[in-house]
Each structure stands twice: as structure tokens, then as C-alpha cells.
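**Q** Can you keep this structure in mind? I'll have questions shortly.
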Amino acid sequence: MSVAHATRQDIEIYVDSAYEPFSYGDEKGEAKGVYIDILRTAFSRMEGYDVTLTPIPWKRGQRIMEQGEGIGLAPVFFHGHDWPYLYPYSLSFYTETILAICDQEVLKQPRPDWPNDYVGLRISNVAGFDGWGGQAFRQLVDEGKIQYETANGAAQNVMMLLKGRVDCIMMEENAFKFLTKQIYASETYDRRTDVTYEVGAVVGTDPVYIGFSKTARESGEWPFLLDFMQAFDSQIYQMIKSGEIRKIFDNYTL
């Protein structure tokens, strides 16, 4: 009998607190979002585990993983090449499409080639999501050819564009649709000063995972981790094969 099934294990997985509609914390501090629904469904079917999902700011989650103070963080993109402390990863449970969304005036000049067509522009991204732009983009930023800014959460990133503070933002397509709809639905929001935006180039696609802290794993404090990962991957695989993950997205108001 495996360690995981010998006794119930309490597991805490940290999740992004400001990435609507995928993963966020509500006014009571409870984890909400499409990814949260997917994770909770999988966890509910795993015998021997009681899993808590704790929403925290993304940068703090990174630090916890690096220092080995927690075992897992979601949703993450693959960072095996630049975050040596975060490995291994779960089976992917969704693939995001990242777009460059810009002030319409900026796109009067066609810009289909990411990132070369975006040289000279001011571009914002969600803090901590540095992998979105790609290596070539990072090189242009380092050379000072693109002005790079970050926002504290997806909603603030959208506002950077709507209020004309940047030329473009990088944003997942469904998250952008959800957030603009939510912002415009607010009775106190004034759209009269908003810029007109347009979708530019596809920045890239990124599968999302639970990433596990290599630091924590090597400490030996979680001897049941491999069993936990196998059980989670098995549930996610079945949810993908059955179309259940797609149904969760379809039933969510994006």
C-alpha cells in the first residue's frame, strides 16, 4: 500500500489570486475561477488527500516555491529552463493563447510579426508572467528597443490599455474578453475616455500546469508527493479524454 493511501494527507496548493477568470481570490479570500473548478473536481476524486487551494499574489507564490515553503503552485507555464527550483510539472490541464492587444492607432501600421513589429512600443504584461513574450521579446526589452511595464494582476493590465497608458498589452484571449465585459458592466465605470483597441499578433500558446517546488521535494518532507502527482495526472487525463474540462469552460461565463 502506498504512503498516500495509508492515511489521509493534507496538501496545500497555492494559486494565483489575481488572474481572472482562471484563478483568483474572492472578497472572502476563497479561490475561484475556471482552473479552480477543474482542480477541485480532480482533487475531489483522489482518495487519501484533503487538498486546500490558497490564493496568493503571484510573486509571493514564486518565492514560496523557490524557498521550499510550499509544495505546489498553479496555474504555471513551463519554466524548467529558467526557474530551476520549480520542477516537475503535472499533466497540462489547458492551453492558453496569448495575444498582443493594442490601441487601434498603433495597429494602423500592420504588425503581424511578434515581436519584431512591436519595436519602439510601450508594452505591458501581468507581473510574474515573463515567459509570455518569448526569448526574442526579452532580448528586445533588454536592448531597450521595447519599453516593458508590468501590472499587478490581469485586471490592472487591461486597464493600462483601456486608459491609454501603454500601446499594447499581452493578455490571454479569454481572460481579456472576460475582464473587459466585467469592467464595462460596472455602473461606476466611465468608458468615454477609453482608447479603441484591436487584436494584433499572436504572442504564443502556453500549456498550464501545477508546478511543484524542487526545493520542497528534495527536503524529504513530502514523501507521498509522487503518489499525489500520479493520482492528479490520472484524474486530469480522464477529464481531458471525456471532454469534461471542455464542458467546465463551456459552462463558465467568459
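Identifiers for the C-alpha cells are assigned positionally: chains receive A, B, ... in sequence, residues are indexed from 1 per chain, and ligands are indexed from 1 in the order shown.
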Find the residues around Phe129 in chain A up to 10 Å (only C-alpha atoms counted), leave out those fewer than 2 positions away in its own chain, and share them as an MDAnalysis selection string.

**A** chainID A and resid 58:59 76:77 125:127 131:133 150 153 170:171

**Q** Could the residues in this selection be written to a file with C-alpha atoms, as a CSV table (one decimal), in the first residue's frame?

**A**
```csv
chain,number,residue,atom,x,y,z
A,58,TRP,CA,1.9,35.6,-7.9
A,59,LYS,CA,5.3,36.9,-6.9
A,76,VAL,CA,2.0,27.9,-14.1
A,77,PHE,CA,3.6,27.7,-17.5
A,125,ASN,CA,2.2,42.5,-19.1
A,126,VAL,CA,1.0,40.8,-15.9
A,127,ALA,CA,3.8,40.9,-13.3
A,131,GLY,CA,7.5,33.9,-20.1
A,132,TRP,CA,4.7,35.2,-22.3
A,133,GLY,CA,6.7,37.3,-24.6
A,150,THR,CA,4.1,45.3,-15.6
A,153,GLY,CA,-2.8,41.4,-11.9
A,170,MET,CA,0.0,40.9,-23.6
A,171,MET,CA,-3.1,39.0,-22.5
```

**Q** Which of range 111-228 of chain A counts as helix (DSSP H, G or I) under DSSP, as a ChimeraX atom specification please?

**A** /A:116-118,130-132,135-142,154-162,173-185,214-219,225-228

**Q** The selected residues should be written to file as an mmCIF file, in the first residue's frame (atoms: C-alpha atoms).

**A**
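What follows is the written file again.cif:
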```cif
data_model
loop_
_atom_site.group_PDB
_atom_site.id
_atom_site.type_symbol
_atom_site.label_atom_id
_atom_site.label_comp_id
_atom_site.auth_asym_id
_atom_site.auth_seq_id
_atom_site.Cartn_x
_atom_site.Cartn_y
_atom_site.Cartn_z
ATOM 1 C CA ASN A 116 9.858 42.467 -34.314
ATOM 2 C CA ASP A 117 6.909 44.578 -35.481
ATOM 3 C CA TYR A 118 6.493 45.888 -31.917
ATOM 4 C CA ASP A 130 7.590 36.982 -18.016
ATOM 5 C CA GLY A 131 7.526 33.850 -20.149
ATOM 6 C CA TRP A 132 4.661 35.165 -22.268
ATOM 7 C CA GLN A 135 13.100 34.927 -25.644
ATOM 8 C CA ALA A 136 13.254 37.242 -28.662
ATOM 9 C CA PHE A 137 10.918 39.687 -26.932
ATOM 10 C CA ARG A 138 13.017 39.642 -23.766
ATOM 11 C CA GLN A 139 16.103 40.388 -25.847
ATOM 12 C CA LEU A 140 14.468 43.440 -27.399
ATOM 13 C CA VAL A 141 13.441 44.642 -23.932
ATOM 14 C CA ASP A 142 16.979 44.157 -22.604
ATOM 15 C CA ALA A 154 -4.749 40.837 -15.138
ATOM 16 C CA ALA A 155 -7.448 43.443 -14.457
ATOM 17 C CA GLN A 156 -4.896 46.205 -13.969
ATOM 18 C CA ASN A 157 -3.147 45.120 -17.156
ATOM 19 C CA VAL A 158 -6.384 45.564 -19.114
ATOM 20 C CA MET A 159 -6.894 48.998 -17.556
ATOM 21 C CA MET A 160 -3.395 50.026 -18.690
ATOM 22 C CA LEU A 161 -4.587 49.561 -22.264
ATOM 23 C CA LEU A 162 -8.094 50.982 -21.922
ATOM 24 C CA GLU A 173 -7.701 35.901 -25.148
ATOM 25 C CA ASN A 174 -10.462 34.549 -22.878
ATOM 26 C CA ALA A 175 -9.185 36.498 -19.880
ATOM 27 C CA PHE A 176 -9.297 39.722 -21.896
ATOM 28 C CA LYS A 177 -12.875 39.104 -23.042
ATOM 29 C CA PHE A 178 -13.976 38.294 -19.510
ATOM 30 C CA LEU A 179 -12.296 41.283 -17.892
ATOM 31 C CA THR A 180 -13.423 43.898 -20.416
ATOM 32 C CA LYS A 181 -17.000 42.644 -20.089
ATOM 33 C CA GLN A 182 -16.707 42.828 -16.302
ATOM 34 C CA ILE A 183 -15.174 46.309 -16.357
ATOM 35 C CA TYR A 184 -17.782 47.708 -18.742
ATOM 36 C CA ALA A 185 -20.610 46.208 -16.678
ATOM 37 C CA LYS A 214 12.033 21.149 -6.349
ATOM 38 C CA THR A 215 13.363 22.714 -3.139
ATOM 39 C CA ALA A 216 10.448 21.332 -1.113
ATOM 40 C CA ARG A 217 10.553 17.940 -2.817
ATOM 41 C CA GLU A 218 14.247 17.490 -2.070
ATOM 42 C CA SER A 219 13.689 18.350 1.602
ATOM 43 C CA LEU A 225 4.390 13.609 -3.455
ATOM 44 C CA LEU A 226 4.989 11.163 -6.325
ATOM 45 C CA ASP A 227 1.794 9.274 -5.440
ATOM 46 C CA PHE A 228 -0.094 12.572 -5.278
#
```

**Q** A:Pro75, A:Gly204, A:Gly164, A:Gly134: which is nearest Asp103 in chain A, counting only C-alpha atoms?

**A**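 Nearest candidate to Asp103 in chain A out of A:Pro75, A:Gly204, A:Gly164, A:Gly134: A:Gly164.
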
**Q** Neighbouring residues of Pro55 in chain A were defined as those with any atom within 10 Å, considering only C-alpha atoms; residues of the same chain fewer than 5 positions away were excluded. Please report them as a VMD selection string.

**A** chain A and resid 13 to 18 23 to 26 29 to 32 61 73 to 74

**Q** Looking at only C-alpha atoms, which of A:Val208, A:Ala151, A:Val106, A:Ile98 is the one that sits closest to Glu172 in chain A?

**A** A:Ile98

**Q** Neighbouring residues of Asp206 in chain A were defined as those with any atom within 7 Å, considering only C-alpha atoms; residues of the same chain fewer than 6 positions away were excluded. Please report them as JSON, numbers by chain.

**A** {"A": [77, 95, 96, 97]}

**Q** Using N, CA and C atoms, can you export the residues from the last selection as a short mmCIF file (atom, residue, chain, number, x, y, z; two decimals), in the first residue's frame?

**A**
```cif
data_model
loop_
_atom_site.label_atom_id
_atom_site.label_comp_id
_atom_site.auth_asym_id
_atom_site.auth_seq_id
_atom_site.Cartn_x
_atom_site.Cartn_y
_atom_site.Cartn_z
N PHE A 77 3.10 28.16 -16.24
CA PHE A 77 3.61 27.71 -17.52
C PHE A 77 4.93 26.99 -17.26
N THR A 95 -4.52 24.87 -22.48
CA THR A 95 -3.51 25.62 -23.23
C THR A 95 -4.05 27.01 -23.53
N GLU A 96 -3.32 28.02 -23.08
CA GLU A 96 -3.73 29.40 -23.26
C GLU A 96 -3.18 29.97 -24.57
N THR A 97 -3.94 30.88 -25.16
CA THR A 97 -3.49 31.62 -26.34
C THR A 97 -3.26 33.07 -25.92
#
```
